[in-house]
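Printed here is run_8.cif (mmCIF, C-alpha atoms):
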```
data_work
loop_
_atom_site.label_atom_id
_atom_site.label_comp_id
_atom_site.auth_asym_id
_atom_site.auth_seq_id
_atom_site.Cartn_x
_atom_site.Cartn_y
_atom_site.Cartn_z
CA MET L 1 -25.32 10.72 -0.73
CA ILE L 2 -22.05 10.50 1.23
CA ARG L 3 -20.20 13.83 1.38
CA ILE L 4 -16.39 13.58 1.37
CA ALA L 5 -13.84 16.33 1.96
CA LEU L 6 -10.52 16.01 0.12
CA LEU L 7 -7.50 17.22 2.09
CA GLY L 8 -4.65 17.58 -0.38
CA ALA L 9 -4.94 18.05 -4.14
CA GLY L 10 -1.65 16.66 -5.39
CA LEU L 11 -1.30 13.85 -7.91
CA ILE L 12 -3.21 11.19 -5.97
CA GLY L 13 -5.56 13.78 -4.47
CA ARG L 14 -6.71 14.81 -7.94
CA GLU L 15 -7.41 11.18 -8.77
CA HIS L 16 -9.50 10.84 -5.61
CA ALA L 17 -11.47 13.93 -6.63
CA GLU L 18 -12.26 12.47 -10.04
CA LEU L 19 -13.28 9.12 -8.52
CA ILE L 20 -15.62 10.79 -6.03
CA GLN L 21 -17.17 12.94 -8.73
CA ALA L 22 -17.82 9.86 -10.87
CA HIS L 23 -19.34 7.76 -8.07
CA PRO L 24 -23.16 7.72 -7.86
CA GLY L 25 -23.12 7.39 -4.07
CA ALA L 26 -20.52 10.06 -3.23
CA GLU L 27 -20.26 13.82 -3.39
CA LEU L 28 -17.17 16.01 -3.07
CA ALA L 29 -17.90 18.35 -0.14
CA ALA L 30 -14.71 20.44 -0.28
CA ILE L 31 -11.13 20.57 -1.48
CA CYS L 32 -8.51 21.77 0.97
CA ASP L 33 -5.14 22.66 -0.54
CA PRO L 34 -3.30 26.00 -0.26
CA SER L 35 -1.73 25.76 -3.72
CA PRO L 36 -3.05 27.57 -6.80
CA GLU L 37 -3.54 24.15 -8.38
CA GLY L 38 -5.80 23.12 -5.51
CA LYS L 39 -7.92 26.24 -5.88
CA ALA L 40 -8.13 25.74 -9.64
CA LEU L 41 -9.27 22.14 -9.18
CA ALA L 42 -12.00 23.23 -6.77
CA GLU L 43 -13.17 25.86 -9.23
CA ARG L 44 -13.18 23.37 -12.10
CA LEU L 45 -15.23 20.89 -10.08
CA SER L 46 -17.47 23.62 -8.58
CA VAL L 47 -16.81 22.69 -4.95
CA PRO L 48 -15.81 24.86 -1.96
CA HIS L 49 -12.08 25.55 -1.60
CA PHE L 50 -10.16 25.94 1.65
CA SER L 51 -6.51 26.47 2.57
CA ASP L 52 -6.92 25.18 6.13
CA TYR L 53 -8.26 21.67 6.70
CA VAL L 54 -9.65 22.43 10.17
CA GLU L 55 -11.75 25.20 8.68
CA ALA L 56 -12.81 22.88 5.87
CA LEU L 57 -13.94 20.18 8.30
CA ASP L 58 -15.77 22.59 10.60
CA LYS L 59 -17.56 24.57 7.89
CA THR L 60 -18.57 21.72 5.58
CA ARG L 61 -19.07 18.99 8.22
CA PRO L 62 -18.43 16.11 5.78
CA ASP L 63 -19.36 12.47 6.39
CA GLY L 64 -15.82 11.39 5.56
CA ALA L 65 -12.44 12.81 4.58
CA ILE L 66 -9.61 11.64 2.34
CA ILE L 67 -6.21 12.74 3.64
CA ALA L 68 -3.75 13.06 0.76
CA LEU L 69 -1.46 15.60 2.40
CA PRO L 70 2.34 15.34 2.78
CA ASN L 71 3.26 12.48 5.13
CA ARG L 72 4.31 14.76 8.00
CA LEU L 73 0.76 16.20 8.11
CA HIS L 74 -1.08 12.88 8.25
CA GLU L 75 -1.10 12.66 12.05
CA ALA L 76 -2.57 16.10 12.74
CA ALA L 77 -5.17 15.79 9.98
CA ALA L 78 -6.23 12.29 11.02
CA LEU L 79 -6.54 13.36 14.67
CA ALA L 80 -8.62 16.37 13.61
CA CYS L 81 -11.00 14.01 11.80
CA ILE L 82 -11.14 11.61 14.74
CA ASP L 83 -11.89 14.47 17.17
CA ARG L 84 -14.91 15.37 15.01
CA GLY L 85 -16.14 11.80 14.58
CA ILE L 86 -15.31 11.86 10.85
CA ALA L 87 -14.13 8.63 9.23
CA SER L 88 -11.00 9.15 7.16
CA LEU L 89 -9.03 7.47 4.41
CA VAL L 90 -5.35 8.28 5.01
CA GLU L 91 -3.10 7.81 2.02
CA LYS L 92 -0.04 5.65 2.69
CA PRO L 93 1.94 5.71 4.84
CA VAL L 94 -0.39 6.12 7.80
CA ALA L 95 2.15 8.62 9.20
CA ASP L 96 5.77 9.66 8.81
CA THR L 97 6.97 7.89 11.98
CA VAL L 98 5.98 4.84 14.01
CA THR L 99 5.22 7.06 17.00
CA ALA L 100 2.87 9.26 14.97
CA GLY L 101 1.17 6.22 13.48
CA ALA L 102 0.67 4.77 16.95
CA ARG L 103 -1.04 7.96 18.11
CA ILE L 104 -3.47 7.75 15.18
CA ALA L 105 -4.22 4.08 15.90
CA GLU L 106 -4.78 4.72 19.60
CA ALA L 107 -7.07 7.70 18.95
CA SER L 108 -9.08 5.79 16.34
CA GLU L 109 -9.56 2.82 18.63
CA GLY L 110 -10.17 4.91 21.73
CA ARG L 111 -12.81 7.12 20.11
CA GLY L 112 -14.34 4.45 17.91
CA VAL L 113 -13.83 6.52 14.75
CA PRO L 114 -12.58 4.43 11.80
CA VAL L 115 -9.42 5.18 9.86
CA LEU L 116 -8.81 3.39 6.55
CA VAL L 117 -5.22 3.44 5.27
CA GLY L 118 -4.83 3.77 1.50
CA HIS L 119 -2.89 0.60 0.71
CA HIS L 120 -4.98 0.17 -2.42
CA ARG L 121 -3.57 -3.19 -3.53
CA ARG L 122 -5.68 -5.00 -0.96
CA HIS L 123 -8.69 -3.87 -3.00
CA SER L 124 -7.19 -5.15 -6.26
CA PRO L 125 -8.81 -8.16 -7.95
CA ASP L 126 -5.51 -10.04 -8.26
CA ILE L 127 -4.64 -9.66 -4.57
CA ARG L 128 -8.22 -10.56 -3.64
CA ALA L 129 -8.01 -13.71 -5.76
CA ALA L 130 -4.63 -14.63 -4.25
CA LYS L 131 -5.95 -14.14 -0.72
CA LYS L 132 -8.98 -16.30 -1.51
CA SER L 133 -6.83 -19.11 -2.92
CA ILE L 134 -4.49 -19.07 0.09
CA ALA L 135 -7.37 -18.90 2.59
CA ALA L 136 -9.08 -21.83 0.87
CA GLY L 137 -5.98 -23.95 1.48
CA GLU L 138 -5.17 -24.47 -2.20
CA LEU L 139 -1.46 -23.85 -1.55
CA GLY L 140 -1.36 -25.78 1.70
CA ASP L 141 0.95 -24.48 4.40
CA LEU L 142 3.02 -21.66 2.94
CA VAL L 143 6.78 -22.21 2.71
CA ALA L 144 8.40 -19.36 0.78
CA VAL L 145 7.69 -16.17 -1.17
CA ASN L 146 9.73 -14.21 -3.69
CA GLY L 147 8.87 -10.94 -5.37
CA MET L 148 10.16 -7.94 -7.27
CA THR L 149 9.37 -4.35 -8.14
CA LEU L 150 11.67 -3.14 -10.88
CA PHE L 151 11.03 -0.05 -13.00
CA ASP L 152 12.89 2.96 -14.39
CA LYS L 153 11.89 6.40 -13.13
CA PRO L 154 12.86 9.21 -15.54
CA GLU L 155 15.54 11.75 -14.71
CA PRO L 156 13.09 14.71 -14.44
CA TYR L 157 11.44 12.85 -11.55
CA PHE L 158 14.52 13.61 -9.45
CA GLN L 159 14.53 17.36 -10.06
CA ALA L 160 12.67 17.62 -6.77
CA GLU L 161 15.42 17.80 -4.15
CA TRP L 162 13.61 15.60 -1.59
CA ARG L 163 13.62 12.69 -4.05
CA ARG L 164 17.42 12.66 -3.97
CA GLN L 165 17.58 12.52 -0.17
CA PRO L 166 16.95 9.71 2.36
CA GLY L 167 13.23 8.96 2.56
CA GLY L 168 12.62 9.91 -1.06
CA GLY L 169 13.65 6.57 -2.60
CA PRO L 170 11.81 3.39 -3.55
CA LEU L 171 11.71 1.99 0.00
CA LEU L 172 9.21 4.41 1.51
CA ILE L 173 7.55 5.41 -1.76
CA ASN L 174 7.14 2.01 -3.44
CA LEU L 175 8.25 -0.92 -1.26
CA ILE L 176 5.71 -0.02 1.43
CA HIS L 177 2.93 -1.23 -0.90
CA ASP L 178 4.74 -4.54 -1.47
CA ILE L 179 5.31 -4.97 2.27
CA ASP L 180 1.60 -4.44 2.90
CA ALA L 181 0.65 -6.99 0.25
CA LEU L 182 3.10 -9.52 1.72
CA ARG L 183 1.70 -9.03 5.22
CA HIS L 184 -1.84 -9.43 3.86
CA LEU L 185 -1.12 -12.59 1.86
CA VAL L 186 1.65 -14.37 3.77
CA GLY L 187 1.42 -13.22 7.39
CA GLU L 188 2.99 -10.92 9.93
CA ILE L 189 6.68 -10.14 9.51
CA GLU L 190 9.01 -11.10 12.36
CA SER L 191 12.31 -9.63 11.14
CA VAL L 192 14.22 -8.39 8.10
CA ARG L 193 17.75 -8.07 6.73
CA ALA L 194 18.50 -5.79 3.79
CA PHE L 195 21.10 -4.29 1.49
CA THR L 196 20.67 -1.01 -0.36
CA SER L 197 22.68 0.60 -3.15
CA SER L 198 22.83 4.03 -4.80
CA ALA L 199 25.39 2.91 -7.37
CA VAL L 200 23.29 3.83 -10.41
CA ARG L 201 22.57 7.50 -9.66
CA GLY L 202 24.96 8.20 -6.79
CA PHE L 203 22.33 10.07 -4.77
CA ALA L 204 22.18 10.08 -0.98
CA VAL L 205 19.04 7.94 -1.27
CA GLU L 206 18.95 4.31 -2.43
CA ASP L 207 17.93 3.34 -5.95
CA THR L 208 18.04 -0.45 -5.38
CA ALA L 209 17.48 -2.79 -2.45
CA SER L 210 17.33 -6.49 -1.68
CA ILE L 211 15.49 -7.79 1.36
CA ALA L 212 15.35 -11.06 3.27
CA ILE L 213 12.20 -11.55 5.34
CA ARG L 214 11.29 -13.93 8.17
CA PHE L 215 7.55 -14.20 8.84
CA ARG L 216 6.13 -15.12 12.23
CA ASN L 217 4.53 -18.26 10.78
CA GLY L 218 7.95 -19.58 9.68
CA VAL L 219 7.69 -18.61 6.00
CA LEU L 220 10.85 -17.13 4.50
CA GLY L 221 10.83 -14.54 1.76
CA SER L 222 13.00 -12.41 -0.46
CA PHE L 223 12.30 -9.24 -2.39
CA VAL L 224 14.24 -6.96 -4.73
CA ILE L 225 13.26 -3.42 -5.67
CA SER L 226 14.78 -0.76 -7.91
CA ASP L 227 13.60 2.44 -9.55
CA ALA L 228 16.58 2.40 -11.93
CA ALA L 229 16.02 -0.85 -13.86
CA VAL L 230 14.00 -1.58 -17.00
CA SER L 231 11.57 -4.48 -16.52
CA PRO L 232 7.89 -5.47 -16.70
CA TRP L 233 8.05 -7.04 -13.21
CA ALA L 234 6.16 -4.74 -10.89
CA TRP L 235 2.57 -4.78 -9.65
CA GLU L 236 1.98 -1.44 -11.36
CA TYR L 237 2.51 -3.14 -14.72
CA CYS L 238 1.48 -6.73 -14.10
CA SER L 239 -1.89 -6.03 -12.49
CA GLY L 240 -3.13 -3.60 -15.13
CA GLN L 241 -4.67 -1.67 -12.22
CA ALA L 242 -2.30 1.27 -11.73
CA LEU L 243 -3.46 4.79 -12.54
CA TYR L 244 -0.32 6.03 -14.28
CA HIS L 245 1.35 2.99 -15.86
CA PRO L 246 0.75 0.77 -18.90
CA SER L 247 -0.51 -2.78 -18.50
CA GLN L 248 2.16 -5.47 -19.00
CA PRO L 249 0.42 -8.67 -17.89
CA GLY L 250 2.66 -11.15 -16.11
CA PRO L 251 3.93 -12.23 -12.68
CA CYS L 252 5.76 -10.15 -10.06
CA LEU L 253 5.16 -12.22 -6.92
CA PHE L 254 5.61 -15.97 -6.38
CA ILE L 255 4.11 -17.78 -3.38
CA ALA L 256 4.94 -21.44 -2.76
CA GLY L 257 3.27 -23.87 -0.38
CA ARG L 258 3.26 -27.57 0.45
CA LYS L 259 0.44 -28.31 -2.02
CA ALA L 260 0.82 -25.71 -4.78
CA ALA L 261 2.39 -22.44 -5.90
CA LEU L 262 0.76 -19.24 -7.12
CA SER L 263 2.10 -16.47 -9.33
CA VAL L 264 0.66 -12.96 -8.97
CA SER L 265 -0.57 -10.94 -10.93
CA ASP L 266 -1.06 -13.38 -13.83
CA MET L 267 -2.79 -15.65 -11.30
CA TYR L 268 -1.61 -19.11 -12.29
CA LEU L 269 -1.71 -21.90 -9.73
CA TRP L 270 0.73 -24.78 -10.21
CA ARG L 271 0.02 -28.13 -8.53
CA HIS L 272 0.63 -31.86 -8.83
CA ALA L 273 -2.06 -34.04 -10.38
CA GLU L 274 -1.85 -36.54 -7.50
CA GLN L 275 -1.24 -36.07 -3.80
CA ASP L 276 1.80 -38.37 -3.71
CA HIS L 277 3.54 -36.70 -6.68
CA HIS L 278 6.77 -34.77 -6.16
CA TRP L 279 9.53 -32.92 -8.00
CA GLN L 280 10.00 -35.68 -10.55
CA HIS L 281 6.39 -35.38 -11.75
CA PRO L 282 4.97 -32.73 -14.09
CA LEU L 283 2.83 -29.91 -12.72
CA LEU L 284 -0.64 -28.81 -13.78
CA ARG L 285 -1.27 -25.11 -14.41
CA GLU L 286 -4.67 -23.63 -13.56
CA HIS L 287 -5.89 -20.06 -13.83
CA ARG L 288 -7.28 -18.20 -10.81
CA PRO L 289 -8.40 -14.91 -12.37
CA GLY L 290 -9.76 -11.89 -10.54
CA ASP L 291 -13.27 -10.53 -10.87
CA GLY L 292 -12.50 -7.81 -13.42
CA SER L 293 -13.18 -4.96 -11.00
CA ARG L 294 -11.11 -1.78 -10.64
CA THR L 295 -8.88 -1.28 -7.61
CA TYR L 296 -9.52 2.38 -6.85
CA VAL L 297 -13.27 2.06 -7.37
CA ASN L 298 -13.25 -0.91 -4.99
CA GLN L 299 -11.36 1.17 -2.44
CA LEU L 300 -13.87 4.02 -2.66
CA ASP L 301 -16.80 1.59 -2.38
CA HIS L 302 -15.21 0.15 0.76
CA PHE L 303 -14.55 3.59 2.21
CA LEU L 304 -18.20 4.53 1.74
CA ALA L 305 -19.18 1.39 3.68
CA VAL L 306 -16.69 2.37 6.41
CA ILE L 307 -18.19 5.87 6.60
CA ARG L 308 -21.67 4.37 6.96
CA ARG L 309 -20.23 2.11 9.71
CA GLU L 310 -21.33 -0.91 7.69
CA ALA L 311 -17.79 -2.34 7.46
CA ALA L 312 -14.59 -2.23 9.48
CA PRO L 313 -11.59 -0.80 7.62
CA LEU L 314 -9.81 -3.47 5.58
CA ILE L 315 -6.56 -1.69 6.51
CA SER L 316 -7.02 -0.02 9.90
CA ALA L 317 -4.62 2.51 11.38
CA ARG L 318 -3.20 -0.33 13.51
CA ASP L 319 -2.67 -2.42 10.38
CA GLY L 320 -1.10 0.51 8.54
CA LEU L 321 1.20 1.06 11.50
CA ALA L 322 2.53 -2.51 11.18
CA THR L 323 3.23 -1.97 7.47
CA LEU L 324 5.01 1.32 8.19
CA ALA L 325 7.11 -0.30 10.94
CA ALA L 326 8.12 -3.18 8.66
CA THR L 327 9.14 -0.80 5.88
CA LEU L 328 11.17 1.39 8.23
CA ALA L 329 12.77 -1.81 9.56
CA VAL L 330 14.09 -2.50 6.05
CA GLU L 331 15.71 0.93 5.95
CA MET L 332 17.24 0.45 9.41
CA ALA L 333 18.47 -3.06 8.61
CA ALA L 334 20.32 -1.80 5.55
CA ARG L 335 21.71 1.28 7.27
CA GLU L 336 22.93 -0.59 10.34
CA ASP L 337 23.82 -3.86 8.57
CA ARG L 338 21.92 -6.11 10.97
CA THR L 339 18.69 -7.98 11.51
CA VAL L 340 15.86 -5.74 12.70
CA THR L 341 12.72 -7.12 14.31
CA LEU L 342 9.23 -5.67 14.17
CA ASP L 343 8.99 -5.87 17.94
CA GLU L 344 12.01 -3.58 18.13
CA MET L 345 10.46 -1.05 15.74
CA LEU L 346 7.11 -0.97 17.51
CA ALA L 347 8.68 -0.80 20.96
CA THR L 348 9.92 2.70 20.12
CA ALA L 349 6.28 3.80 20.32
CA GLY L 350 5.26 1.50 23.16
CA GLN L 351 3.41 -0.79 20.74
CA ARG L 352 3.32 -4.53 20.13
CA ALA L 353 3.21 -6.32 16.79
CA VAL L 354 -0.16 -7.24 15.33
CA ALA L 355 -1.19 -10.69 16.55
#
```
Would you give me this structure, written as structure tokens?
Amino acid sequence: MIRIALLGAGLIGREHAELIQAHPGAELAAICDPSPEGKALAERLSVPHFSDYVEALDKTRPDGAIIALPNRLHEAAALACIDRGIASLVEKPVADTVTAGARIAEASEGRGVPVLVGHHRRHSPDIRAAKKSIAAGELGDLVAVNGMTLFDKPEPYFQAEWRRQPGGGPLLINLIHDIDALRHLVGEIESVRAFTSSAVRGFAVEDTASIAIRFRNGVLGSFVISDAAVSPWAWEYCSGQALYHPSQPGPCLFIAGRKAALSVSDMYLWRHAEQDHHWQHPLLREHRPGDGSRTYVNQLDHFLAVIRREAAPLISARDGLATLAATLAVEMAAREDRTVTLDEMLATAGQRAVA
């Protein structure tokens, strides 16, 4: 039985606790959260409660730890786990800054202690199926990608002051997942341009953004995101895999190659019937469904394998750092009205882009 300590008992932390409790191969070793809600959750689940995560790690000596603390605490908590040889799953983003993320990556690699970053979509059956189709060459050389995340957050959501300030908008909260999926499916990002707007709510933080992306392999992409627009076009809806949203099956990401195109999450592949056909010929539509598994269960299964040192993290700290840098590049590109490269972002921490 793998014993896992949970550091942070907020919304996603509580979900992790329930998933661990329900898994036949995992056991919740401790809950560390100073809030009354954290203590109440530990009491309800009959597990030890701590207010200090260092004390929790030292007294319970877990096999692994899930870090679901506020972003600014990710670095210190991850380093504490690494120092003790404890594999960790760090909820996204890997850290609050590129420099902090780089320190986690360097410590993980230097000490040989794995860090898995919680970009859960990579464990989703639709993203798995898309990756398999692309890797098999069904689309041919990729040419372009277009995607969207459009949903309407309710007004009470913004009663928290930090959600009305820079850093609390859809770029760092939501787009970071889309950026990670794009990197995973299409390739490493070379540079971005972006526009942001707060015209709907008038807050200091953006509510809408449009992004142009250049990938290192020559693919070009575009993406639009808003948390102020009604639509069914977001992975949270289309995949049917999100924890807090209804299922609205359909597409939210479109990937086009020289041989075929693929829509995600409905997973339809469009291709010509003959190799010499072109835009004046009809297309065939074929389904490429996922395996019917559940994203968060898949992620926990993978984390258990990482803890046992049977698998390398699907999203390492180094990988999570690249996703964080690309997302922060979008914010900088919009703020400074210019093209921002990933090399520029990573150079601030003495890092180089993922090869």
Using all atoms listed in the file, which of the listed residues (L:Ser265, L:Thr196, L:Gln241, L:Asn71) sits closest to Lys92 in chain L? L:Asn71
Explicit residues for the PyMOL selection byres ((chain L and resi 163-173) around 7) (as a PyMOL selection string): chain L and resi 158+160-162+174-176+203-207+226-227+327
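The shell of residues at most 6 Å from range 41-52 of chain L, with all atoms listed in the file counted and near chain neighbours (fewer than 5 positions) removed, consists of Ala30, Ile31, Cys32, Asp33 and Pro34 of chain L.
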Store the residues of this selection in a file with C-alpha atoms, as a CSV table (one decimal), in the frame of the given file.
```csv
chain,number,residue,atom,x,y,z
L,30,ALA,CA,-14.7,20.4,-0.3
L,31,ILE,CA,-11.1,20.6,-1.5
L,32,CYS,CA,-8.5,21.8,1.0
L,33,ASP,CA,-5.1,22.7,-0.5
L,34,PRO,CA,-3.3,26.0,-0.3
```
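Ranking L:His74, L:Arg201, L:His184, L:Arg288 by their shortest atom-to-atom distance to Ser88 in chain L, with only C-alpha atoms included, puts L:His74 first.
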Closest to Leu262 in chain L among L:Cys81, L:Ala17, L:Leu142, L:Ala228, using all atoms listed in the file? L:Leu142
Take CA of Glu109 in chain L and CA of His16 in chain L and report the distance between them in Å, one decimal.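 Result for CA of Glu109 in chain L versus CA of His16 in chain L: 25.5 Å, one decimal.
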Report as a list in words all protein, DNA and RNA residues lying within 9 Å of range 93-98 of chain L, evaluated on all atoms listed in the file, omitting residues in the same chain fewer than 5 positions from it.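 Listed by chain and then number, they are Pro70, Asn71, Arg72, Leu73, His74, Glu75, Arg103, Ile104, Leu116, Val117, Gly118, His119, Leu172, Ile173, Ile176, Ala317, Gly320, Leu321, Ala322, Thr323, Leu324, Ala325, Leu328, Met345, Leu346, Thr348 and Ala349 of chain L.
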In Å and to one decimal, CA of Ala305 in chain L is distant from CA of Ala22 in chain L by 16.9 Å
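If all atoms listed in the file are the atoms counted, then among L:Ala107, L:Phe195, L:Ala229, L:Tyr244 the closest residue to Thr149 in chain L is L:Ala229.
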Residues within 12 Å of (-16.2, -0.4, 8.8), file coords, all atoms listed in the file, listed as number ranges by chain: L: 87-89, 112-116, 301-316
I want to know what sits within 7 Å of range 230-236 of chain L, based on all atoms listed in the file, with residues of the same chain fewer than 4 positions away left out; could you give that as a PyMOL selection string? chain L and resi 148-152+240-242+245+248+251-252
One decimal, in Å: what's the spacing between CA of Gly257 in chain L and CA of Ile189 in chain L?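 Computed distance, CA of Gly257 in chain L to CA of Ile189 in chain L, equals 17.3 Å.
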Need to verify the contact set: range 57-68 of chain L, 6 Å, all atoms listed in the file, exclusion of same-chain residues closer than 5 positions in sequence. Can you return it as JSON, numbers by chain? {"L": [3, 4, 5, 6, 7, 8, 13, 86, 87, 88, 89, 90, 91]}
